[in-house]
>>> print(open('input18.pdb').read())   # PDB, C-alpha atoms
MODEL        1
ATOM      1  CA  MET W   1    -145.698-219.153-112.605
ATOM      2  CA  ARG W   2    -144.512-217.604-115.835
ATOM      3  CA  LEU W   3    -146.544-214.449-115.095
ATOM      4  CA  LEU W   4    -144.977-214.138-111.670
ATOM      5  CA  ARG W   5    -141.505-214.554-113.114
ATOM      6  CA  ARG W   6    -142.083-211.813-115.716
ATOM      7  CA  ARG W   7    -143.250-209.354-113.049
ATOM      8  CA  SER W   8    -140.346-210.127-110.769
ATOM      9  CA  GLU W   9    -137.775-209.378-113.399
ATOM     10  CA  THR W  10    -135.304-206.646-112.554
ATOM     11  CA  PRO W  11    -136.517-203.218-113.823
ATOM     12  CA  VAL W  12    -134.382-201.316-116.262
ATOM     13  CA  GLU W  13    -132.363-198.528-114.608
ATOM     14  CA  VAL W  14    -132.459-195.084-116.184
ATOM     15  CA  ASP W  15    -129.315-193.010-116.378
ATOM     16  CA  PRO W  16    -129.987-189.602-114.697
ATOM     17  CA  ALA W  17    -127.492-187.929-117.007
ATOM     18  CA  GLN W  18    -129.648-188.672-120.016
ATOM     19  CA  PRO W  19    -132.331-186.089-120.885
ATOM     20  CA  VAL W  20    -135.930-186.990-120.362
ATOM     21  CA  ALA W  21    -137.762-187.895-123.515
ATOM     22  CA  ALA W  22    -139.799-185.121-125.021
ATOM     23  CA  ASP W  23    -142.851-187.405-125.138
ATOM     24  CA  ALA W  24    -143.137-187.234-121.331
ATOM     25  CA  ALA W  25    -143.836-183.524-121.462
ATOM     26  CA  GLY W  26    -146.036-183.716-124.528
ATOM     27  CA  PRO W  27    -145.213-183.290-128.186
ATOM     28  CA  ALA W  28    -143.604-180.016-129.168
ATOM     29  CA  ARG W  29    -145.607-177.892-131.552
ATOM     30  CA  PRO W  30    -143.793-176.566-134.606
ATOM     31  CA  GLY W  31    -143.286-172.824-134.387
ATOM     32  CA  GLY W  32    -144.081-172.743-130.666
ATOM     33  CA  LYS W  33    -142.576-170.365-128.114
ATOM     34  CA  GLY W  34    -140.576-173.144-126.474
ATOM     35  CA  ARG W  35    -141.890-172.166-122.999
ATOM     36  CA  PRO W  36    -145.156-172.646-121.155
ATOM     37  CA  THR W  37    -147.781-169.937-121.509
ATOM     38  CA  PRO W  38    -147.977-167.879-118.273
ATOM     39  CA  ARG W  39    -151.194-167.808-116.362
ATOM     40  CA  ARG W  40    -153.359-164.689-116.360
ATOM     41  CA  ARG W  41    -152.669-163.848-112.730
ATOM     42  CA  GLU W  42    -148.903-164.226-113.166
ATOM     43  CA  ALA W  43    -148.928-162.016-116.267
ATOM     44  CA  GLN W  44    -150.943-159.364-114.432
ATOM     45  CA  LYS W  45    -148.515-159.429-111.511
ATOM     46  CA  ARG W  46    -145.585-158.834-113.869
ATOM     47  CA  ARG W  47    -147.400-155.865-115.394
ATOM     48  CA  THR W  48    -148.721-154.105-112.324
ATOM     49  CA  GLY W  49    -146.685-155.498-109.455
ATOM     50  CA  PRO W  50    -147.976-157.470-106.501
ATOM     51  CA  VAL W  51    -151.708-157.242-105.967
ATOM     52  CA  ALA W  52    -152.708-156.104-102.515
ATOM     53  CA  PRO W  53    -154.774-158.630-100.580
ATOM     54  CA  PRO W  54    -158.469-157.824-100.223
ATOM     55  CA  PRO W  55    -159.485-155.892 -97.111
ATOM     56  CA  LYS W  56    -160.409-158.074 -94.155
ATOM     57  CA  THR W  57    -162.709-155.610 -92.431
ATOM     58  CA  ARG W  58    -165.018-152.820 -93.467
ATOM     59  CA  ARG W  59    -162.857-150.287 -91.649
ATOM     60  CA  GLU W  60    -159.832-151.330 -93.682
ATOM     61  CA  ALA W  61    -161.837-151.040 -96.902
ATOM     62  CA  VAL W  62    -162.937-147.512 -95.984
ATOM     63  CA  ARG W  63    -159.346-146.593 -95.140
ATOM     64  CA  ARG W  64    -158.134-147.814 -98.535
ATOM     65  CA  MET W  65    -160.849-145.874-100.311
ATOM     66  CA  ARG W  66    -159.834-142.728 -98.473
ATOM     67  CA  GLU W  67    -156.184-143.249 -99.349
ATOM     68  CA  GLN W  68    -157.025-143.793-103.009
ATOM     69  CA  GLY W  69    -159.276-140.729-103.015
ATOM     70  CA  GLY W  70    -156.524-138.659-101.418
ATOM     71  CA  ASP W  71    -154.049-139.793-104.073
ATOM     72  CA  ARG W  72    -156.482-138.861-106.850
ATOM     73  CA  ARG W  73    -157.085-135.436-105.326
ATOM     74  CA  ALA W  74    -153.345-134.857-104.977
ATOM     75  CA  ASP W  75    -152.830-135.805-108.634
ATOM     76  CA  ALA W  76    -155.663-133.474-109.635
ATOM     77  CA  ARG W  77    -154.158-130.555-107.688
ATOM     78  CA  GLU W  78    -150.729-131.152-109.183
ATOM     79  CA  GLY W  79    -152.202-131.465-112.664
ATOM     80  CA  LEU W  80    -154.151-128.254-112.171
ATOM     81  CA  ARG W  81    -151.066-126.375-111.041
ATOM     82  CA  ALA W  82    -149.083-127.714-113.986
ATOM     83  CA  GLY W  83    -151.805-126.798-116.475
ATOM     84  CA  ASP W  84    -152.567-130.372-117.532
ATOM     85  CA  GLU W  85    -155.654-130.244-119.753
ATOM     86  CA  ARG W  86    -157.040-133.418-118.145
ATOM     87  CA  TYR W  87    -157.472-131.701-114.793
ATOM     88  CA  LEU W  88    -158.477-128.218-115.915
ATOM     89  CA  SER W  89    -162.013-126.934-115.704
ATOM     90  CA  ALA W  90    -163.885-125.906-118.830
ATOM     91  CA  ARG W  91    -163.037-122.300-117.974
ATOM     92  CA  ASP W  92    -159.283-122.920-118.363
ATOM     93  CA  ARG W  93    -159.156-125.435-121.209
ATOM     94  CA  GLY W  94    -158.022-124.806-124.740
ATOM     95  CA  PRO W  95    -154.967-123.359-126.481
ATOM     96  CA  GLU W  96    -156.588-119.924-126.669
ATOM     97  CA  ARG W  97    -156.950-119.640-122.923
ATOM     98  CA  ARG W  98    -153.441-120.973-122.418
ATOM     99  CA  MET W  99    -152.191-118.165-124.630
ATOM    100  CA  VAL W 100    -154.225-115.633-122.628
ATOM    101  CA  ARG W 101    -152.644-116.893-119.409
ATOM    102  CA  ASP W 102    -149.196-116.529-120.931
ATOM    103  CA  VAL W 103    -149.981-112.968-122.006
ATOM    104  CA  VAL W 104    -151.035-112.031-118.479
ATOM    105  CA  ASP W 105    -148.227-113.910-116.725
ATOM    106  CA  SER W 106    -145.479-112.467-118.932
ATOM    107  CA  ARG W 107    -146.044-108.879-117.745
ATOM    108  CA  ARG W 108    -146.481-106.857-114.583
ATOM    109  CA  ASN W 109    -150.132-105.983-114.197
ATOM    110  CA  ALA W 110    -151.646-103.075-112.347
ATOM    111  CA  GLY W 111    -154.590-105.297-111.558
ATOM    112  CA  VAL W 112    -152.694-106.973-108.702
ATOM    113  CA  LEU W 113    -153.130-103.697-106.758
ATOM    114  CA  PHE W 114    -156.886-104.136-106.844
ATOM    115  CA  LEU W 115    -157.143-106.641-103.990
ATOM    116  CA  LEU W 116    -154.660-104.742-101.820
ATOM    117  CA  SER W 117    -156.368-101.415-102.400
ATOM    118  CA  ALA W 118    -159.759-102.981-101.688
ATOM    119  CA  VAL W 119    -158.553-104.170 -98.288
ATOM    120  CA  VAL W 120    -157.096-100.753 -97.499
ATOM    121  CA  TYR W 121    -160.242 -98.997 -98.667
ATOM    122  CA  PHE W 122    -162.669-101.016 -96.551
ATOM    123  CA  ALA W 123    -160.348-100.807 -93.552
ATOM    124  CA  GLY W 124    -160.148 -97.031 -93.974
ATOM    125  CA  LEU W 125    -163.930 -96.744 -93.813
ATOM    126  CA  LEU W 126    -163.694 -97.702 -90.143
ATOM    127  CA  ILE W 127    -161.449 -94.728 -89.363
ATOM    128  CA  PRO W 128    -163.465 -91.642 -88.252
ATOM    129  CA  SER W 129    -160.991 -89.146 -89.746
ATOM    130  CA  VAL W 130    -162.455 -87.374 -92.777
ATOM    131  CA  GLN W 131    -159.023 -86.614 -94.239
ATOM    132  CA  ILE W 132    -157.959 -90.270 -94.123
ATOM    133  CA  LYS W 133    -161.208 -91.365 -95.746
ATOM    134  CA  ALA W 134    -160.740 -88.825 -98.516
ATOM    135  CA  ALA W 135    -157.163 -89.996 -99.162
ATOM    136  CA  ILE W 136    -158.187 -93.640 -99.209
ATOM    137  CA  THR W 137    -161.062 -92.888-101.580
ATOM    138  CA  ALA W 138    -158.700 -91.055-103.929
ATOM    139  CA  LEU W 139    -156.309 -94.024-103.826
ATOM    140  CA  TRP W 140    -159.181 -96.389-104.571
ATOM    141  CA  LEU W 141    -160.309 -94.373-107.585
ATOM    142  CA  THR W 142    -156.733 -94.189-108.896
ATOM    143  CA  VAL W 143    -156.363 -97.957-108.705
ATOM    144  CA  LEU W 144    -159.673 -98.404-110.511
ATOM    145  CA  ILE W 145    -158.517 -96.145-113.337
ATOM    146  CA  LEU W 146    -155.237 -98.045-113.601
ATOM    147  CA  LEU W 147    -157.166-101.300-113.641
ATOM    148  CA  VAL W 148    -159.345-100.151-116.533
ATOM    149  CA  VAL W 149    -156.339 -98.930-118.547
ATOM    150  CA  ASP W 150    -154.355-102.092-117.851
ATOM    151  CA  SER W 151    -157.296-104.293-118.843
ATOM    152  CA  ALA W 152    -157.610-102.369-122.101
ATOM    153  CA  VAL W 153    -153.920-102.970-122.858
ATOM    154  CA  ILE W 154    -154.306-106.672-122.126
ATOM    155  CA  GLY W 155    -157.379-106.802-124.344
ATOM    156  CA  LEU W 156    -155.526-105.237-127.272
ATOM    157  CA  ARG W 157    -152.669-107.681-126.850
ATOM    158  CA  ILE W 158    -155.021-110.662-126.743
ATOM    159  CA  ARG W 159    -156.929-109.420-129.779
ATOM    160  CA  LYS W 160    -153.720-109.068-131.790
ATOM    161  CA  LEU W 161    -152.388-112.515-130.913
ATOM    162  CA  MET W 162    -155.742-114.153-131.539
ATOM    163  CA  ARG W 163    -155.824-112.766-135.080
ATOM    164  CA  GLN W 164    -152.283-114.004-135.708
ATOM    165  CA  ARG W 165    -152.407-117.472-134.140
ATOM    166  CA  PHE W 166    -156.060-118.469-134.043
ATOM    167  CA  PRO W 167    -157.775-116.726-136.950
ATOM    168  CA  ASP W 168    -160.370-119.513-137.253
ATOM    169  CA  SER W 169    -161.093-119.864-133.543
ATOM    170  CA  ARG W 170    -164.729-119.885-132.444
ATOM    171  CA  GLU W 171    -163.869-118.768-128.918
ATOM    172  CA  PRO W 172    -165.636-115.451-128.166
ATOM    173  CA  LEU W 173    -163.041-112.696-127.966
ATOM    174  CA  GLY W 174    -164.904-110.850-125.215
ATOM    175  CA  ARG W 175    -164.768-113.892-122.933
ATOM    176  CA  LEU W 176    -161.050-114.282-123.518
ATOM    177  CA  ILE W 177    -160.409-110.639-122.655
ATOM    178  CA  PHE W 178    -162.515-110.922-119.508
ATOM    179  CA  TYR W 179    -160.642-114.127-118.622
ATOM    180  CA  GLY W 180    -157.310-112.355-118.969
ATOM    181  CA  ALA W 181    -158.424-109.242-117.064
ATOM    182  CA  THR W 182    -159.705-111.406-114.208
ATOM    183  CA  ARG W 183    -156.454-113.352-113.997
ATOM    184  CA  ALA W 184    -154.501-110.103-113.996
ATOM    185  CA  THR W 185    -156.166-109.071-110.715
ATOM    186  CA  MET W 186    -154.848-112.172-108.929
ATOM    187  CA  ILE W 187    -151.515-112.157-107.151
ATOM    188  CA  ARG W 188    -149.053-114.182-109.221
ATOM    189  CA  ARG W 189    -148.429-116.923-106.656
ATOM    190  CA  TRP W 190    -152.168-117.449-106.201
ATOM    191  CA  ARG W 191    -152.928-117.958-109.882
ATOM    192  CA  MET W 192    -154.270-121.313-110.989
ATOM    193  CA  PRO W 193    -153.106-122.889-113.231
ATOM    194  CA  LYS W 194    -149.583-121.956-112.205
ATOM    195  CA  PRO W 195    -147.843-119.464-114.534
ATOM    196  CA  ALA W 196    -145.875-121.263-117.238
ATOM    197  CA  VAL W 197    -143.787-118.215-118.253
ATOM    198  CA  GLU W 198    -141.704-115.667-116.436
ATOM    199  CA  VAL W 199    -142.199-111.920-116.412
ATOM    200  CA  GLY W 200    -140.621-110.472-119.540
ATOM    201  CA  ASP W 201    -140.765-113.649-121.648
ATOM    202  CA  ALA W 202    -141.746-113.259-125.266
ATOM    203  CA  ILE W 203    -145.153-114.679-126.154
TER     204      ILE W 203
ENDMDL
END
>>> encode(input="input18.pdb", output="structure tokens")
Amino acid sequence: MRLLRRRSETPVEVDPAQPVAADAAGPARPGGKGRPTPRRREAQKRRTGPVAPPPKTRREAVRRMREQGGDRRADAREGLRAGDERYLSARDRGPERRMVRDVVDSRRNAGVLFLLSAVVYFAGLLIPSVQIKAAITALWLTVLILLVVDSAVIGLRIRKLMRQRFPDSREPLGRLIFYGATRATMIRRWRMPKPAVEVGDAI
């Protein structure tokens, strides 16, 4: 009877205004952060945003792969146009080749007439008139001479700047000159990487 009476005693009421004892949540560690440690998934979500759910079908997975591949290709094209070293080919990498591009892009080159004159020349070969063929051939030879002279000027400019800025460079000078002469034959808007200087800028 005594046991039944003890169990039937009125329980002690707890005031809701009083704070809960710290023992209920576990003892506080000295020097702790004062907050629970976030889970790994929650921390990753805060860093990278919401994680997309996994694809439900194979078609959806292929579509996501295509979208991701398209984004990477778009970034690569933009990086190539901007001259980002991460996206450049071995042919365009290095400070020496960047300087060569600036030398070519900062001037008006006679080499841009090469492609236009080549189209005119081969189109003129289809015309039966001897006089027209002779005139087109003379124009073609004139452009070739201008191309050789202009390439020589570019080569001298590249040689001078290489001695001033990269005296210890192991890059073959002949390859740099050929690189610059080849770029000079391209129309400015078609050049890749995109020109970083304007015509007339000091290099």
>>> atom_distance(input="input18.pdb", atom1="atom CA of Ala118 of chain W", atom2="atom CA of Arg191 of chain W")
18.4 Å
>>> residues_around(input="input18.pdb", residues="Arg101 of chain W", least_positions_apart="3", cutoff="8 Å", atoms="all atoms listed in the file", output="list in words")
Arg97, Arg98, Val104, Asp105, Gly180, Arg183 and Pro195 of chain W
>>> atom_distance(input="input18.pdb", atom1="atom CA of Ala202 of chain W", atom2="atom CA of Arg108 of chain W")
13.3 Å
>>> closest_residue(input="input18.pdb", among="W:Leu113, W:Leu176, W:Ala123, W:Ala90", to="Leu146 of chain W", atoms="all atoms listed in the file")
W:Leu113
>>> closest_residue(input="input18.pdb", among="W:Pro54, W:Gly200, W:Pro193, W:Pro95", to="Arg165 of chain W", atoms="only C-alpha atoms")
W:Pro95
>>> atom_distance(input="input18.pdb", atom1="atom CA of Arg170 of chain W", atom2="atom CA of Val100 of chain W")
15.0 Å
>>> resolve_selection(input="input18.pdb", expression="the PyMOL selection byres ((chain W and resi 171) around 12)", output="ChimeraX atom specification")
/W:91,93-97,100,159,162-163,166-170,172-177,179
>>> write_last_selection(input="input18.pdb", atoms="C-alpha atoms", output="short mmCIF file (atom, residue, chain, number, x, y, z; two decimals), in the coordinates of the input")
data_model
loop_
_atom_site.label_atom_id
_atom_site.label_comp_id
_atom_site.auth_asym_id
_atom_site.auth_seq_id
_atom_site.Cartn_x
_atom_site.Cartn_y
_atom_site.Cartn_z
CA ARG W 91 -163.04 -122.30 -117.97
CA ARG W 93 -159.16 -125.44 -121.21
CA GLY W 94 -158.02 -124.81 -124.74
CA PRO W 95 -154.97 -123.36 -126.48
CA GLU W 96 -156.59 -119.92 -126.67
CA ARG W 97 -156.95 -119.64 -122.92
CA VAL W 100 -154.22 -115.63 -122.63
CA ARG W 159 -156.93 -109.42 -129.78
CA MET W 162 -155.74 -114.15 -131.54
CA ARG W 163 -155.82 -112.77 -135.08
CA PHE W 166 -156.06 -118.47 -134.04
CA PRO W 167 -157.78 -116.73 -136.95
CA ASP W 168 -160.37 -119.51 -137.25
CA SER W 169 -161.09 -119.86 -133.54
CA ARG W 170 -164.73 -119.88 -132.44
CA PRO W 172 -165.64 -115.45 -128.17
CA LEU W 173 -163.04 -112.70 -127.97
CA GLY W 174 -164.90 -110.85 -125.22
CA ARG W 175 -164.77 -113.89 -122.93
CA LEU W 176 -161.05 -114.28 -123.52
CA ILE W 177 -160.41 -110.64 -122.66
CA TYR W 179 -160.64 -114.13 -118.62
#
>>> closest_residue(input="input18.pdb", among="W:Leu125, W:Ile203, W:Ala134, W:Leu115", to="Gln164 of chain W", atoms="all atoms listed in the file")
W:Ile203
